[in-house]
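my_file28.txt (compact mmCIF, C-alpha atoms)
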# COMPACT_ATOMS: atom_id res chain seq x y z
CA MET A 1 -68.61 -57.63 7.93
CA LYS A 2 -70.82 -55.05 9.66
CA HIS A 3 -74.13 -54.30 7.96
CA ALA A 4 -75.63 -51.66 10.29
CA LEU A 5 -75.26 -48.25 8.65
CA PHE A 6 -73.31 -45.64 10.59
CA PRO A 7 -74.10 -41.97 9.77
CA ILE A 8 -71.17 -39.91 8.49
CA SER A 9 -72.38 -37.07 10.71
CA ARG A 10 -71.51 -39.17 13.79
CA ALA A 11 -68.05 -40.21 12.55
CA ARG A 12 -66.30 -38.17 15.25
CA GLU A 13 -67.79 -40.51 17.86
CA LEU A 14 -65.60 -43.30 16.51
CA PRO A 15 -61.93 -43.86 17.38
CA LEU A 16 -59.70 -41.97 14.93
CA TRP A 17 -58.57 -45.15 13.14
CA ARG A 18 -62.19 -46.22 12.39
CA ARG A 19 -63.40 -42.97 10.84
CA PRO A 20 -64.21 -42.58 7.11
CA GLU A 21 -61.05 -40.59 6.37
CA SER A 22 -58.97 -43.32 8.02
CA LEU A 23 -60.58 -45.93 5.78
CA LEU A 24 -59.76 -43.77 2.75
CA PHE A 25 -56.15 -43.62 3.91
CA LEU A 26 -56.00 -47.39 4.43
CA MET A 27 -57.32 -48.00 0.91
CA ALA A 28 -54.98 -45.36 -0.52
CA PHE A 29 -52.07 -47.17 1.13
CA ALA A 30 -53.11 -50.74 0.25
CA MET A 31 -53.93 -50.35 -3.45
CA PRO A 32 -50.46 -49.18 -4.67
CA ILE A 33 -48.66 -52.05 -2.91
CA ALA A 34 -50.17 -54.47 -5.42
CA PHE A 35 -50.73 -52.26 -8.44
CA ASN A 36 -47.45 -50.37 -8.48
CA THR A 37 -45.37 -53.46 -7.72
CA TRP A 38 -47.11 -55.13 -10.65
CA SER A 39 -46.28 -52.11 -12.80
CA ALA A 40 -42.65 -51.97 -11.68
CA LEU A 41 -41.99 -55.59 -12.62
CA LEU A 42 -44.27 -55.75 -15.65
CA ASN A 43 -41.98 -54.70 -18.50
CA ASN A 44 -39.08 -56.88 -17.40
CA PHE A 45 -41.39 -59.81 -16.61
CA VAL A 46 -43.19 -59.84 -19.96
CA ILE A 47 -39.97 -59.38 -21.94
CA GLU A 48 -38.13 -62.15 -20.05
CA ALA A 49 -41.02 -64.57 -19.59
CA ALA A 50 -42.94 -64.15 -22.85
CA GLY A 51 -40.65 -62.22 -25.22
CA PHE A 52 -42.98 -59.24 -25.58
CA THR A 53 -42.27 -56.51 -28.14
CA GLY A 54 -44.03 -53.14 -28.50
CA VAL A 55 -46.92 -54.93 -30.27
CA GLU A 56 -47.62 -57.37 -27.42
CA ILE A 57 -47.19 -54.72 -24.73
CA GLY A 58 -49.68 -52.56 -26.62
CA TRP A 59 -52.21 -55.39 -26.69
CA LEU A 60 -51.61 -56.13 -23.02
CA HIS A 61 -52.47 -52.58 -22.04
CA THR A 62 -55.48 -52.55 -24.34
CA VAL A 63 -56.81 -55.61 -22.50
CA ARG A 64 -55.91 -53.97 -19.18
CA GLU A 65 -58.01 -50.93 -20.01
CA ILE A 66 -61.17 -52.78 -21.12
CA PRO A 67 -62.56 -52.91 -17.52
CA GLY A 68 -61.97 -49.17 -17.27
CA PHE A 69 -64.03 -48.70 -20.41
CA LEU A 70 -66.75 -50.84 -18.80
CA ALA A 71 -66.67 -48.94 -15.51
CA VAL A 72 -70.34 -48.05 -16.00
CA GLY A 73 -70.93 -51.62 -14.83
CA VAL A 74 -70.35 -50.24 -11.34
CA ILE A 75 -73.80 -48.63 -11.57
CA ALA A 76 -75.41 -52.05 -12.09
CA LEU A 77 -73.45 -53.58 -9.22
CA LEU A 78 -74.54 -50.78 -6.90
CA MET A 79 -78.08 -52.10 -7.20
CA PHE A 80 -76.91 -55.17 -5.27
CA MET A 81 -74.21 -53.87 -2.92
CA ARG A 82 -73.14 -50.64 -1.31
CA GLU A 83 -70.24 -48.60 -2.67
CA GLN A 84 -68.04 -49.23 0.34
CA VAL A 85 -68.49 -53.01 0.02
CA LEU A 86 -67.95 -52.98 -3.74
CA GLY A 87 -64.75 -50.96 -3.36
CA LEU A 88 -63.29 -53.42 -0.88
CA VAL A 89 -64.31 -56.48 -2.93
CA ALA A 90 -62.60 -54.89 -5.95
CA LEU A 91 -59.48 -54.20 -3.87
CA LEU A 92 -59.47 -57.86 -2.79
CA LEU A 93 -59.68 -58.99 -6.43
CA LEU A 94 -56.78 -56.71 -7.40
CA GLY A 95 -54.60 -58.19 -4.66
CA ALA A 96 -55.49 -61.80 -5.41
CA ALA A 97 -54.93 -61.48 -9.17
CA THR A 98 -51.60 -59.71 -8.64
CA ALA A 99 -50.48 -62.49 -6.29
CA VAL A 100 -50.78 -65.17 -9.00
CA THR A 101 -49.46 -63.15 -11.97
CA ALA A 102 -46.10 -64.93 -12.28
CA PHE A 103 -47.70 -68.38 -12.44
CA PHE A 104 -48.99 -67.67 -15.98
CA PRO A 105 -45.86 -66.73 -18.03
CA SER A 106 -47.43 -66.80 -21.48
CA LEU A 107 -49.26 -64.26 -23.61
CA GLY A 108 -52.65 -65.85 -22.96
CA GLY A 109 -52.07 -66.36 -19.24
CA ILE A 110 -50.74 -62.85 -18.73
CA LEU A 111 -53.72 -61.37 -20.56
CA VAL A 112 -56.26 -63.29 -18.44
CA VAL A 113 -54.64 -62.42 -15.10
CA THR A 114 -54.20 -58.83 -16.23
CA MET A 115 -57.90 -58.63 -17.06
CA LEU A 116 -58.84 -59.86 -13.56
CA SER A 117 -56.48 -57.49 -11.74
CA SER A 118 -57.67 -54.68 -13.98
CA ILE A 119 -61.33 -55.29 -13.06
CA GLY A 120 -60.29 -55.00 -9.43
CA PHE A 121 -58.21 -51.87 -10.00
CA HIS A 122 -60.67 -49.94 -12.16
CA TYR A 123 -63.77 -50.77 -10.14
CA PHE A 124 -61.92 -49.91 -6.94
CA GLU A 125 -60.73 -46.59 -8.36
CA THR A 126 -64.22 -45.72 -9.60
CA VAL A 127 -65.79 -46.33 -6.19
CA ASN A 128 -62.85 -44.83 -4.29
CA GLN A 129 -63.14 -41.55 -6.21
CA SER A 130 -66.87 -41.45 -5.50
CA LEU A 131 -66.39 -42.10 -1.78
CA GLN A 132 -63.74 -39.39 -1.51
CA LEU A 133 -66.06 -36.80 -3.01
CA GLN A 134 -69.00 -37.90 -0.86
CA TRP A 135 -67.17 -38.26 2.45
CA LEU A 136 -65.00 -35.13 2.21
CA SER A 137 -66.34 -31.58 2.33
CA LYS A 138 -65.65 -29.29 -0.62
CA GLU A 139 -63.38 -27.16 1.57
CA ARG A 140 -61.26 -30.08 2.81
CA ALA A 141 -61.30 -32.24 -0.31
CA PRO A 142 -58.26 -30.74 -2.14
CA ILE A 143 -56.06 -30.89 0.96
CA VAL A 144 -57.16 -34.38 2.05
CA ILE A 145 -56.93 -35.82 -1.47
CA GLY A 146 -53.39 -34.43 -1.68
CA ARG A 147 -52.58 -36.24 1.56
CA LEU A 148 -54.20 -39.43 0.25
CA MET A 149 -51.89 -39.22 -2.77
CA ALA A 150 -48.95 -38.83 -0.40
CA ALA A 151 -50.11 -41.94 1.50
CA GLY A 152 -50.21 -43.90 -1.75
CA SER A 153 -46.74 -42.64 -2.59
CA ALA A 154 -45.49 -43.72 0.85
CA ALA A 155 -46.85 -47.23 0.24
CA SER A 156 -45.14 -47.37 -3.13
CA LEU A 157 -41.95 -46.02 -1.58
CA ILE A 158 -41.90 -48.87 0.93
CA ALA A 159 -42.60 -51.50 -1.72
CA TYR A 160 -40.10 -50.13 -4.23
CA GLY A 161 -37.47 -49.51 -1.58
CA ALA A 162 -37.71 -53.15 -0.56
CA LEU A 163 -37.40 -54.19 -4.21
CA VAL A 164 -34.31 -52.05 -4.83
CA LEU A 165 -32.60 -53.34 -1.70
CA THR A 166 -33.50 -57.02 -2.04
CA TRP A 167 -34.08 -57.88 -5.73
CA LYS A 168 -30.46 -58.61 -6.57
CA SER A 169 -29.11 -59.19 -3.06
CA PHE A 170 -31.54 -62.03 -2.37
CA ASP A 171 -32.09 -63.07 -6.01
CA LEU A 172 -35.85 -62.65 -5.64
CA SER A 173 -38.23 -64.25 -8.14
CA TYR A 174 -41.16 -62.59 -9.86
CA ALA A 175 -43.47 -65.14 -8.23
CA PHE A 176 -42.31 -64.27 -4.70
CA VAL A 177 -42.63 -60.51 -5.13
CA TYR A 178 -46.05 -60.73 -6.77
CA MET A 179 -47.29 -63.10 -4.03
CA VAL A 180 -46.13 -60.82 -1.20
CA SER A 181 -47.40 -57.56 -2.68
CA GLY A 182 -50.74 -58.95 -3.89
CA GLY A 183 -51.24 -60.85 -0.66
CA PHE A 184 -50.73 -57.71 1.43
CA THR A 185 -53.36 -55.79 -0.55
CA ALA A 186 -55.84 -58.68 -0.32
CA LEU A 187 -55.36 -58.95 3.46
CA ALA A 188 -55.78 -55.19 3.89
CA ALA A 189 -59.10 -55.39 2.00
CA LEU A 190 -60.31 -58.25 4.22
CA PHE A 191 -59.30 -56.31 7.34
CA ALA A 192 -61.20 -53.21 6.17
CA MET A 193 -64.33 -55.29 5.49
CA TYR A 194 -64.51 -56.42 9.12
CA ALA A 195 -62.88 -53.55 11.03
CA TYR A 196 -64.91 -50.58 9.75
CA PRO A 197 -68.60 -49.74 10.05
CA GLN A 198 -70.75 -49.45 6.95
CA PHE A 199 -70.92 -45.68 6.58
CA GLU A 200 -74.23 -44.22 5.49
CA GLU A 201 -74.20 -42.24 2.25
CA PRO A 202 -74.55 -38.48 2.95
CA SER A 203 -76.79 -38.21 -0.14
CA PRO A 204 -78.58 -41.21 -1.69
CA GLN A 205 -76.92 -41.92 -5.03
CA ARG A 206 -78.66 -42.43 -8.35
CA ARG A 207 -78.54 -46.03 -9.57
CA SER A 208 -78.72 -45.15 -13.27
CA ILE A 209 -76.37 -43.71 -15.88
CA VAL A 210 -76.10 -39.92 -15.58
CA LEU A 211 -75.17 -37.78 -18.59
CA LYS A 212 -75.72 -34.05 -18.23
CA ARG A 213 -74.85 -31.29 -20.68
CA ARG A 214 -73.49 -29.07 -17.94
CA TYR A 215 -70.88 -31.74 -17.11
CA GLY A 216 -69.65 -31.59 -20.72
CA LEU A 217 -66.32 -29.90 -20.00
CA TYR A 218 -65.58 -32.45 -17.29
CA TYR A 219 -66.31 -35.29 -19.73
CA ALA A 220 -64.02 -33.74 -22.38
CA LEU A 221 -61.16 -33.28 -19.92
CA GLN A 222 -61.56 -36.87 -18.73
CA PHE A 223 -61.41 -38.18 -22.31
CA MET A 224 -58.21 -36.29 -23.07
CA ALA A 225 -56.65 -37.28 -19.75
CA GLY A 226 -57.26 -40.96 -20.50
CA ALA A 227 -55.77 -40.75 -23.98
CA ARG A 228 -52.71 -38.87 -22.75
CA ARG A 229 -52.15 -41.10 -19.73
CA GLN A 230 -51.91 -44.22 -21.88
CA ILE A 231 -48.81 -42.98 -23.65
CA PHE A 232 -47.11 -42.29 -20.32
CA VAL A 233 -48.18 -45.56 -18.65
CA VAL A 234 -47.51 -47.81 -21.62
CA PHE A 235 -44.59 -46.35 -23.52
CA ALA A 236 -42.55 -44.12 -21.19
CA ALA A 237 -41.57 -46.99 -18.87
CA PHE A 238 -41.26 -49.41 -21.80
CA MET A 239 -38.75 -46.98 -23.35
CA MET A 240 -36.55 -47.19 -20.26
CA VAL A 241 -36.32 -50.98 -20.62
CA GLU A 242 -36.24 -51.31 -24.41
CA LYS A 243 -33.99 -48.36 -25.33
CA PHE A 244 -31.78 -48.02 -22.26
CA GLY A 245 -31.78 -51.63 -21.00
CA PHE A 246 -33.01 -50.88 -17.49
CA GLU A 247 -33.17 -53.94 -15.20
CA VAL A 248 -35.83 -54.50 -12.52
CA HIS A 249 -33.91 -52.81 -9.70
CA GLN A 250 -33.15 -49.82 -11.97
CA VAL A 251 -36.78 -49.38 -13.09
CA THR A 252 -37.87 -49.76 -9.48
CA GLY A 253 -35.28 -47.20 -8.39
CA LEU A 254 -36.75 -44.74 -10.87
CA PHE A 255 -40.24 -45.38 -9.50
CA LEU A 256 -38.78 -44.93 -6.01
CA ILE A 257 -37.64 -41.43 -6.88
CA ASN A 258 -41.08 -40.69 -8.33
CA PHE A 259 -42.85 -41.53 -5.11
CA MET A 260 -40.32 -39.81 -2.87
CA VAL A 261 -41.02 -36.65 -4.84
CA ASN A 262 -44.79 -37.22 -4.68
CA MET A 263 -44.76 -37.71 -0.91
CA ILE A 264 -43.41 -34.19 -0.58
CA VAL A 265 -45.21 -32.54 -3.48
CA ALA A 266 -48.73 -34.07 -3.30
CA PRO A 267 -49.85 -32.30 -0.10
CA LEU A 268 -48.49 -29.04 -1.52
CA MET A 269 -50.50 -29.69 -4.70
CA GLY A 270 -53.62 -30.07 -2.59
CA LYS A 271 -52.99 -26.73 -0.90
CA LEU A 272 -52.28 -25.13 -4.28
CA VAL A 273 -55.67 -26.29 -5.63
CA ALA A 274 -57.38 -24.99 -2.49
CA VAL A 275 -55.70 -21.57 -2.83
CA ARG A 276 -55.41 -20.97 -6.59
CA GLY A 277 -58.19 -23.17 -7.99
CA GLU A 278 -58.45 -26.04 -10.43
CA ARG A 279 -57.93 -24.03 -13.62
CA PHE A 280 -54.53 -22.68 -12.50
CA VAL A 281 -53.26 -26.12 -11.48
CA LEU A 282 -54.48 -27.92 -14.61
CA VAL A 283 -52.98 -25.27 -16.89
CA ILE A 284 -49.61 -25.80 -15.19
CA GLU A 285 -49.97 -29.56 -15.63
CA TYR A 286 -50.76 -29.39 -19.33
CA ILE A 287 -48.06 -26.86 -20.22
CA GLY A 288 -45.55 -29.02 -18.37
CA LEU A 289 -46.71 -32.17 -20.16
CA ILE A 290 -46.41 -30.53 -23.58
CA ILE A 291 -42.77 -29.70 -22.85
CA VAL A 292 -42.02 -33.15 -21.39
CA PHE A 293 -43.53 -35.07 -24.31
CA LEU A 294 -41.68 -32.94 -26.87
CA LEU A 295 -38.43 -33.66 -25.05
CA TYR A 296 -39.27 -37.39 -25.02
CA GLY A 297 -39.43 -37.18 -28.81
CA GLY A 298 -36.03 -35.51 -28.82
CA ILE A 299 -34.55 -38.56 -27.09
CA TYR A 300 -35.20 -40.55 -30.27
CA TRP A 301 -34.64 -37.88 -32.90
CA LEU A 302 -31.66 -36.11 -31.30
CA GLY A 303 -30.07 -38.99 -29.44
CA TRP A 304 -30.34 -37.52 -25.94
CA GLY A 305 -29.23 -39.83 -23.16
CA VAL A 306 -30.55 -41.82 -20.25
CA VAL A 307 -30.12 -39.10 -17.62
CA LEU A 308 -32.52 -36.77 -19.44
CA ALA A 309 -34.95 -39.66 -20.05
CA ALA A 310 -35.00 -40.57 -16.35
CA THR A 311 -35.40 -36.92 -15.31
CA LEU A 312 -38.32 -36.45 -17.71
CA TYR A 313 -39.95 -39.62 -16.39
CA VAL A 314 -39.91 -38.26 -12.82
CA ILE A 315 -41.25 -34.84 -13.91
CA ASP A 316 -43.89 -36.55 -16.06
CA HIS A 317 -45.11 -38.62 -13.12
CA MET A 318 -45.25 -35.57 -10.85
CA LEU A 319 -47.27 -33.56 -13.38
CA PHE A 320 -49.81 -36.33 -13.79
CA GLY A 321 -50.38 -36.14 -10.05
CA LEU A 322 -51.98 -32.74 -10.56
CA ALA A 323 -54.87 -34.42 -12.37
CA PHE A 324 -56.73 -34.83 -9.06
CA ALA A 325 -57.84 -31.22 -9.60
CA LEU A 326 -60.38 -32.71 -12.03
CA LYS A 327 -62.01 -34.50 -9.08
CA THR A 328 -62.47 -31.36 -7.05
CA TYR A 329 -63.68 -29.43 -10.10
CA PHE A 330 -66.45 -32.00 -10.53
CA GLN A 331 -67.26 -31.99 -6.82
CA LYS A 332 -67.92 -28.24 -6.99
CA ILE A 333 -70.30 -28.42 -9.97
CA ALA A 334 -72.09 -31.72 -9.29
CA ASP A 335 -75.44 -32.51 -7.75
CA PRO A 336 -74.61 -34.62 -4.65
CA GLU A 337 -76.69 -37.58 -5.86
CA ASP A 338 -74.78 -37.65 -9.18
CA ILE A 339 -71.33 -38.36 -7.74
CA ALA A 340 -71.37 -42.19 -7.83
CA PRO A 341 -72.94 -42.68 -11.29
CA THR A 342 -70.90 -39.86 -12.82
CA ALA A 343 -67.68 -41.32 -11.40
CA ALA A 344 -68.51 -44.51 -13.30
CA VAL A 345 -69.40 -42.65 -16.49
CA ALA A 346 -66.23 -40.54 -16.21
CA PHE A 347 -64.07 -43.65 -15.86
CA THR A 348 -65.65 -45.09 -18.99
CA ILE A 349 -65.08 -41.84 -20.90
CA ASN A 350 -61.52 -41.71 -19.56
CA HIS A 351 -60.90 -45.17 -21.00
CA ILE A 352 -62.48 -44.83 -24.44
CA ALA A 353 -59.13 -43.99 -26.01
CA ALA A 354 -57.37 -46.43 -23.69
CA VAL A 355 -59.02 -49.39 -25.38
CA PHE A 356 -57.64 -48.72 -28.85
CA LEU A 357 -54.63 -46.42 -28.34
CA PRO A 358 -52.11 -48.86 -26.76
CA ALA A 359 -52.54 -51.49 -29.48
CA SER A 360 -52.60 -49.02 -32.40
CA LEU A 361 -49.70 -46.99 -31.02
CA GLY A 362 -47.75 -50.22 -30.52
CA TYR A 363 -47.49 -50.42 -34.31
CA LEU A 364 -46.54 -46.74 -34.57
CA TRP A 365 -43.91 -47.36 -31.88
CA ILE A 366 -42.15 -49.87 -34.12
CA VAL A 367 -41.96 -47.32 -36.95
CA SER A 368 -41.43 -44.09 -34.95
CA PRO A 369 -41.22 -44.08 -31.14
CA GLY A 370 -40.68 -40.31 -31.22
CA GLY A 371 -43.92 -39.92 -33.16
CA VAL A 372 -45.83 -41.49 -30.26
CA PHE A 373 -44.61 -38.76 -27.92
CA ILE A 374 -45.34 -35.95 -30.39
CA LEU A 375 -48.91 -37.24 -30.54
CA ALA A 376 -49.01 -37.10 -26.74
CA ALA A 377 -47.83 -33.48 -26.79
CA SER A 378 -50.68 -32.65 -29.19
CA MET A 379 -53.17 -34.24 -26.80
CA ALA A 380 -51.77 -32.21 -23.89
CA PHE A 381 -52.23 -29.04 -25.97
CA VAL A 382 -55.92 -29.85 -26.54
CA SER A 383 -56.28 -30.44 -22.80
CA LEU A 384 -54.71 -27.04 -22.14
CA LEU A 385 -57.30 -25.32 -24.32
CA LEU A 386 -60.10 -27.12 -22.49
CA ALA A 387 -58.68 -26.27 -19.06
CA LEU A 388 -58.77 -22.57 -19.92
CA LEU A 389 -62.58 -22.86 -19.99
CA ILE A 390 -62.78 -23.74 -16.28
CA PRO A 391 -64.00 -20.80 -14.16
CA ARG A 392 -61.85 -19.54 -11.30
CA HIS A 393 -64.67 -20.46 -8.90
CA PRO A 394 -66.77 -23.19 -10.56
CA VAL A 395 -70.20 -23.89 -9.07
CA LYS A 396 -73.42 -25.52 -10.21
CA GLY A 397 -74.74 -23.32 -13.02
CA TYR A 398 -71.30 -21.82 -13.79
CA GLU A 399 -69.33 -24.82 -15.03
CA TRP A 400 -67.75 -23.23 -18.13
CA ARG A 401 -66.28 -19.77 -18.54
CA VAL A 402 -68.31 -19.27 -21.74
CA PHE A 403 -71.31 -18.64 -19.48
CA LYS A 404 -71.21 -15.07 -18.20
CA THR A 405 -73.53 -15.45 -15.21
CA VAL A 406 -74.77 -18.12 -12.87
CA VAL A 407 -78.11 -19.47 -13.96
CA ALA A 408 -80.73 -20.79 -11.57
CA ALA A 409 -81.57 -24.00 -13.39
CA PRO A 410 -78.88 -25.11 -15.87
CA ALA A 411 -79.93 -27.37 -18.73
CA GLU A 412 -79.21 -31.05 -18.32

Output the file's structure as structure tokens, nothing else.
Amino acid sequence: MKHALFPISRARELPLWRRPESLLFLMAFAMPIAFNTWSALLNNFVIEAAGFTGVEIGWLHTVREIPGFLAVGVIALLMFMREQVLGLVALLLLGAATAVTAFFPSLGGILVVTMLSSIGFHYFETVNQSLQLQWLSKERAPIVIGRLMAAGSAASLIAYGALVLTWKSFDLSYAFVYMVSGGFTALAALFAMYAYPQFEEPSPQRRSIVLKRRYGLYYALQFMAGARRQIFVVFAAFMMVEKFGFEVHQVTGLFLINFMVNMIVAPLMGKLVAVRGERFVLVIEYIGLIIVFLLYGGIYWLGWGVVLAATLYVIDHMLFGLAFALKTYFQKIADPEDIAPTAAVAFTINHIAAVFLPASLGYLWIVSPGGVFILAASMAFVSLLLALLIPRHPVKGYEWRVFKTVVAAPAE
């Protein structure tokens, strides 16, 4: 691993494949291979291997979200290692834990391995978000982040396409698929550790927890996004298996469609944010999610079929992709030195609800699955009201629309 710091300002002197943006693309490609393969197999694996019901799946996702809630630990780790190193170590942990998942087919074993892979995933995502906002200019960030999302979708497309084509034809095992996908991500992390320079931070980052009043709207939107996301991640896919009896290749096929759509749509989303602004894009996302969640409820109360459920799942996934507008909103209002610590704080805020919602909603799911989705629609409505407070052109000192003018020194 290279320890000499290389200034970002001299990145153009490097070959294209060794530049900071190229490293971001490599990480964006490597992470979904492990994480999304794990997600695609998860519901079938836990039902077949450990007999999970809605209660156990709720507890599993509660455990999975604990490291997200403790993402502020990244700030402590940054006292001992640089962000770039921490991100790659976390990516390595995600890959290694995913690789051994199938060797622990019990509730306890699955929970332990899930906790380890989750530490890797959440700490990687925290650092990755921070690096994106530091390494990309405000003008290029929406467009490049949209392309990074497309790269992640391409990785998932390759992984899921292979699963759809080979799962039944070659009678693949859970152990084999987890080993291959996790192993690829781990090897990619090791390659990135040795192949790329250590890039110097454009602005030295604070190594303490940052909470500022003027970031309040960003915190609120992150909290609601985390609560809402849990219902989609935990229960929407679980519904496809439990209610409609989807097998692994069918669930994977649905994910495949999701990522094919995202490969096309994500770059367009980035351009839309650049042209119309974060408020416009987030309002579209939240209105769409309200409609989707209400229709999910109708599947249970009105007996709508599998075609509608699958269509809603794809639309749901696409709408959640618009959430990256929150990143660029924060980039526009933040002090440069606040990006790393605030990314950690935001991840913790994002996961406050994630720690208790999956388990508690698992019990509600048994009584009223439709009620879970109506609750999600209510959360999306609250998010919509918050999004309307974002200015058309947010800047430091003009973070909320309730302020009429830009102030020179906003309160912290």

Give one line per residue of region 14-69 of chain A that approaches region 119-128 of chain A to at most 12 Å, naming the two atoms of the closest pair and their distance in Å to one decimal, counting all atoms listed in the file; sort by chain then ascending residue number and deliver it as JSON lines.
{"residue": "A:Pro20", "atom": "CA", "partner": "A:Asn128", "partner_atom": "CA", "distance": 11.7}
{"residue": "A:Glu21", "atom": "CA", "partner": "A:Asn128", "partner_atom": "CA", "distance": 11.6}
{"residue": "A:Leu23", "atom": "CA", "partner": "A:Asn128", "partner_atom": "CA", "distance": 10.4}
{"residue": "A:Leu24", "atom": "CA", "partner": "A:Asn128", "partner_atom": "CA", "distance": 7.8}
{"residue": "A:Phe25", "atom": "CA", "partner": "A:Asn128", "partner_atom": "CA", "distance": 10.7}
{"residue": "A:Leu26", "atom": "CA", "partner": "A:Asn128", "partner_atom": "CA", "distance": 11.4}
{"residue": "A:Met27", "atom": "CA", "partner": "A:Asn128", "partner_atom": "CA", "distance": 8.2}
{"residue": "A:Ala28", "atom": "CA", "partner": "A:Asn128", "partner_atom": "CA", "distance": 8.7}
{"residue": "A:Ala30", "atom": "CA", "partner": "A:Phe124", "partner_atom": "CA", "distance": 11.4}
{"residue": "A:Met31", "atom": "CA", "partner": "A:Phe121", "partner_atom": "CA", "distance": 8.0}
{"residue": "A:Pro32", "atom": "CA", "partner": "A:Phe121", "partner_atom": "CA", "distance": 9.8}
{"residue": "A:Ile33", "atom": "CA", "partner": "A:Phe121", "partner_atom": "CA", "distance": 11.9}
{"residue": "A:Ala34", "atom": "CA", "partner": "A:Phe121", "partner_atom": "CA", "distance": 9.6}
{"residue": "A:Phe35", "atom": "CA", "partner": "A:Phe121", "partner_atom": "CA", "distance": 7.7}
{"residue": "A:Asn36", "atom": "CA", "partner": "A:Phe121", "partner_atom": "CA", "distance": 11.0}
{"residue": "A:Trp38", "atom": "CA", "partner": "A:Phe121", "partner_atom": "CA", "distance": 11.6}
{"residue": "A:Val63", "atom": "CA", "partner": "A:Ile119", "partner_atom": "CA", "distance": 10.5}
{"residue": "A:Arg64", "atom": "CA", "partner": "A:Ile119", "partner_atom": "CA", "distance": 8.3}
{"residue": "A:Glu65", "atom": "CA", "partner": "A:His122", "partner_atom": "CA", "distance": 8.3}
{"residue": "A:Ile66", "atom": "CA", "partner": "A:Ile119", "partner_atom": "CA", "distance": 8.4}
{"residue": "A:Pro67", "atom": "CA", "partner": "A:Ile119", "partner_atom": "CA", "distance": 5.2}
{"residue": "A:Gly68", "atom": "CA", "partner": "A:His122", "partner_atom": "CA", "distance": 5.3}
{"residue": "A:Phe69", "atom": "CA", "partner": "A:His122", "partner_atom": "CA", "distance": 9.0}

| said: Taking 6 positions as the minimum chain separation for residues in the same chain, which residues sit within 8 Å of Ala154 (chain A) when counting all atoms listed in the file? Answer as an MDAnalysis selection string. | reply: chainID A and resid 29 259:260 263

| task | Write out as a list in words each polymer residue whose atoms come within 7 Å of Tyr174 (chain A), counting all atoms listed in the file; drop sequence neighbours fewer than 3 positions from it. | result | Ala102, Val177 and Tyr178 of chain A

| task | Go ahead and compute the interatomic distance for CA of Ile8 (chain A) and CA of Ile209 (chain A), in Å to one decimal. | result |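 According to the coordinates, CA of Ile8 (chain A) and CA of Ile209 (chain A) are separated by 25.2 Å.
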
| task | To one decimal in Å, tell me the separation between CA of Trp365 (chain A) and CA of Ala71 (chain A). | result |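 We find that CA of Trp365 (chain A) and CA of Ala71 (chain A) lie 28.1 Å from each other.
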
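CA of Phe103 (chain A) to CA of Thr37 (chain A) spans 15.8 Å [interatomic distance, one decimal].
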
| Counting only C-alpha atoms, which of A:Pro105, A:Gly161, A:Gly58, A:Gly95 gets nearest to Leu254 (chain A)? |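 Closest residue, counting only C-alpha atoms: A:Gly161.
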
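Neighbours of Ile284 (chain A) closer than or equal to 9 Å, with all atoms listed in the file counted and sequence neighbours fewer than 5 positions away skipped, come out as Arg279, Leu289, Leu319, Leu322 and Leu384 of chain A.
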
| request: Would you please work out which residue, of A:Leu294, A:Ala99, A:Met149, A:Leu136, is nearest to Gly371 (chain A) when using all atoms listed in the file? | output: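 With all atoms listed in the file as the atom set, the closest residue is A:Leu294.
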
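Remark: for Ile57 (chain A), the closest of the candidate residues A:Phe320, A:Phe373, A:Tyr363, A:Tyr215 is A:Tyr363 (distances computed over all atoms listed in the file).
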
| Of the listed residues A:Ala266, A:Leu172, A:Val345, A:Leu364, that which approaches Ile143 (chain A) most closely, counting only C-alpha atoms |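 Nearest to Ile143 (chain A): A:Ala266.
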
| task | Considering only C-alpha atoms, return as an MDAnalysis selection string whatever protein or nucleic-acid residues lie within 8 Å of region 78-83 of chain A, sequence-local ones (same chain, fewer than 2 positions apart) excluded. | result | chainID A and resid 74:76 85:87 127 131 207

So which residues touch Leu357 (chain A) within 9 Å, counting only C-alpha atoms, skipping near sequence neighbours fewer than 2 positions away, as an mmCIF file with C-alpha atoms, in the coordinates of the input?
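For reference, around30.cif as written:
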data_model
loop_
_atom_site.group_PDB
_atom_site.id
_atom_site.type_symbol
_atom_site.label_atom_id
_atom_site.label_comp_id
_atom_site.auth_asym_id
_atom_site.auth_seq_id
_atom_site.Cartn_x
_atom_site.Cartn_y
_atom_site.Cartn_z
ATOM 1 C CA GLY A 58 -49.680 -52.560 -26.620
ATOM 2 C CA THR A 62 -55.480 -52.550 -24.340
ATOM 3 C CA ALA A 227 -55.770 -40.750 -23.980
ATOM 4 C CA GLN A 230 -51.910 -44.220 -21.880
ATOM 5 C CA ILE A 231 -48.810 -42.980 -23.650
ATOM 6 C CA ILE A 352 -62.480 -44.830 -24.440
ATOM 7 C CA ALA A 353 -59.130 -43.990 -26.010
ATOM 8 C CA ALA A 354 -57.370 -46.430 -23.690
ATOM 9 C CA VAL A 355 -59.020 -49.390 -25.380
ATOM 10 C CA ALA A 359 -52.540 -51.490 -29.480
ATOM 11 C CA SER A 360 -52.600 -49.020 -32.400
ATOM 12 C CA LEU A 361 -49.700 -46.990 -31.020
ATOM 13 C CA GLY A 362 -47.750 -50.220 -30.520
#

| Which residue, A:Ala380, A:Tyr196, A:Val55, A:Trp17, has the smallest gap to Val367 (chain A) when you use all atoms listed in the file? | A:Val55

| message | For a quick check of understanding, using all atoms listed in the file, which of A:Gly54, A:Ser156, A:Thr114, A:Ile290 has the smallest distance to Ser368 (chain A)? | response |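 For Ser368 (chain A), the nearest of the given residues is A:Gly54.
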